[in-house]
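To keep things clear, I will list the structure first and then write my remarks on it.
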Amino acid sequence: LDNLSAAQRSSVDVDGVSWSYIRTEGGDESKPTIVCGHGILSSSYSYGDTLKLLQRDGYDAVAFDWPGFGESSKPSEGSFGYKPEDYTKGLKSFVDAIGIKKPFVFLTQGYILGQYGILFAAENPDLVEKLVILNTPLGTKSKLPAPLNSYTGMFKSFAFGKNPDAGMYHAAGGPYAFNYTDYENLQMPYESSEDARLSFEAVMKDMNFEQLLSKVSMAAERFRNPTLIPWGTDDKYLDLDQVLSWLETKPTSTKLFALPASMGHFPQLDFPEQLIETVERFINGEDYTKPSNVKGASSAGDGPPADF
C-alpha cells in the first residue's frame, strides 16, 4: 500500500455547503464509478487505502466527507438541518456536482450516517445500481456504543459540550491495536475547532435510534438492486446474528458475506486488500465466496493497544 498513489482531495460547493472528497485519477470508463460514504465520527480518511487499491485497479472512485465531518464544512443548524433528509438530498446534489452522470456502486459503512446511506440508496435506485453495506447497524436490537450512547437517554445533557473521542471510537471497534497516525487523523477535526463537535451534537441531539433502525429496515425491503453485505466478524459493536435475522425479510438480491480475515467494525481500515477483492468480485459478477488470493496480514495493528 505504501507504494501506491493516494487519491487526490478536492471540494465542491453544494447549496452553500462545502463537501470535501478524495477521488482516484484515470478511471476506466468501462468500469462503474464507486462512491464511498462513512459513518458518524469518521471521515473519508478511513477509505484512503481503499481508494489507493481502486485507483490501482482502474476504477473511478470517490470517498466523501458528510457535512459536519472530516474536511467538509461544519455549517450552523440554521443553514443545514442535520436530519436524514438533509443528508440524502445533499448527497444526490453532491454526486451531480462532481459530474457522476451514470448509475454507480455505492458503498456505505457505520452508525447513523452509514444508515443514511442505505436510505439514500432506497430513495435513488436509478442512481445506485449496486449497494455494498459494510458493518452498519441493521438488526432491531442493535445498540449505540460508547461514546454515542452517552448522547441519548435521560443523562445525555452531561455529554454535550465535550469533545467526542473519535479516535478511540475507531480503535475500540475491532480486534487490532490501532495505528496512532490513524487515531490522530480521525480525532483531528475535534481538536482543531469546536465546529466539528457542534455538528456531531446537531446530529445526535434528537436522535431516535430505534426509529432509525426501523426506517432503514423498511427502506432496505424496498431496494431491489443487487446488494452485498461484507461483514467484519470481529466487530466489537455489532452482532452478526442480528444481521442474519434482519435478512429474513429482505429481498433475495441482498446477500451477506462474512469476510474471512479478522476484521472489526471498520473493514476498510483493518484489511482493505481483502475487502476490495470481495467488492470487485461482486461488482464484476464473480464468485465473491471463493478463497481469497490476498496474502499477508492486515493493514492494522502497528500502533498502541486499543486501550491506550
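As shown in the C-alpha cells, the chain order sets the letters A, B, ...; within each chain, residues go from 1, and ligands are also counted from 1 in the order they appear.
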
Contact residues around Ser10 (chain A) with only C-alpha atoms at 8 Å, ignoring same-chain residues under 5 positions, as number ranges by chain
A: 20-23

Please run DSSP on the backbone and report, as a list in words, all residues within region 56-121 of chain A that come out as strand (DSSP E or B).
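Written out, the strand (DSSP E or B) residues of region 56-121 of chain A are Ala61, Val62, Ala63, Phe64, Phe104, Val105, Phe106, Leu107 and Thr108 of chain A.
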
Interatomic distance, CA of Gln187 (chain A) to CA of Asp165 (chain A) (Å, one decimal)
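Pair CA of Gln187 (chain A) / CA of Asp165 (chain A) returns 6.6 Å.
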
Residues within 12 Å of Asn149 (chain A), only C-alpha atoms, excluding chain neighbours under 2 positions, as a CSV table (one decimal) with C-alpha atoms, in the first residue's frame:
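Contents of the output file around-v4.csv:
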chain,number,residue,atom,x,y,z
A,111,TYR,CA,-23.5,4.2,12.6
A,142,SER,CA,-28.5,-3.0,17.6
A,143,LYS,CA,-27.3,-0.7,20.3
A,144,LEU,CA,-25.3,2.5,20.2
A,145,PRO,CA,-21.8,2.0,21.6
A,146,ALA,CA,-19.7,4.5,23.5
A,147,PRO,CA,-19.5,7.4,23.1
A,151,TYR,CA,-25.8,11.4,23.7
A,152,THR,CA,-29.2,9.7,24.2
A,153,GLY,CA,-31.4,8.9,27.2
A,154,MET,CA,-32.0,10.9,30.4
A,155,PHE,CA,-28.4,11.7,31.1
A,156,LYS,CA,-27.5,13.0,27.6
A,157,SER,CA,-27.1,16.6,28.8
A,158,PHE,CA,-23.9,15.6,30.6
A,159,ALA,CA,-22.3,14.5,27.3
A,160,PHE,CA,-22.9,17.6,25.3
A,164,PRO,CA,-16.0,13.1,21.5
A,169,TYR,CA,-14.3,5.1,18.8
A,204,MET,CA,-27.2,13.4,17.9
A,205,LYS,CA,-29.5,16.0,19.6
A,207,MET,CA,-31.6,11.0,17.7
A,208,ASN,CA,-34.2,8.2,18.0
A,209,PHE,CA,-32.0,5.2,17.2
A,237,TYR,CA,-20.1,-3.1,18.4

Determine, for each residue of region 160-258 of chain A having at least one atom at most 9 Å from an atom of region 73-97 of chain A, the closest pair of atoms and their separation in Å to one decimal, counting only C-alpha atoms; order by chain and ascending number, as CSV.
residue,atom,partner,partner_atom,distance
A:Asp195,CA,A:Lys74,CA,5.8
A:Ala196,CA,A:Lys74,CA,6.2
A:Leu198,CA,A:Lys74,CA,8.1
A:Ser199,CA,A:Lys74,CA,6.0
A:Phe200,CA,A:Tyr82,CA,9.0
A:Ala202,CA,A:Tyr82,CA,6.3
A:Val203,CA,A:Tyr82,CA,5.4

Please dump the current selection as a PDB file, in the first residue's frame; keep C-alpha atoms.
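File result_12.pdb, as written:
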ATOM      1  CA  ASP A 195     -17.479  23.418  14.965  1.00  0.00           C
ATOM      2  CA  ALA A 196     -16.863  19.677  14.478  1.00  0.00           C
ATOM      3  CA  LEU A 198     -21.257  21.176  17.335  1.00  0.00           C
ATOM      4  CA  SER A 199     -22.014  19.375  14.056  1.00  0.00           C
ATOM      5  CA  PHE A 200     -21.768  15.973  15.735  1.00  0.00           C
ATOM      6  CA  ALA A 202     -26.541  18.510  15.977  1.00  0.00           C
ATOM      7  CA  VAL A 203     -26.865  15.009  14.510  1.00  0.00           C
TER       8      VAL A 203
END
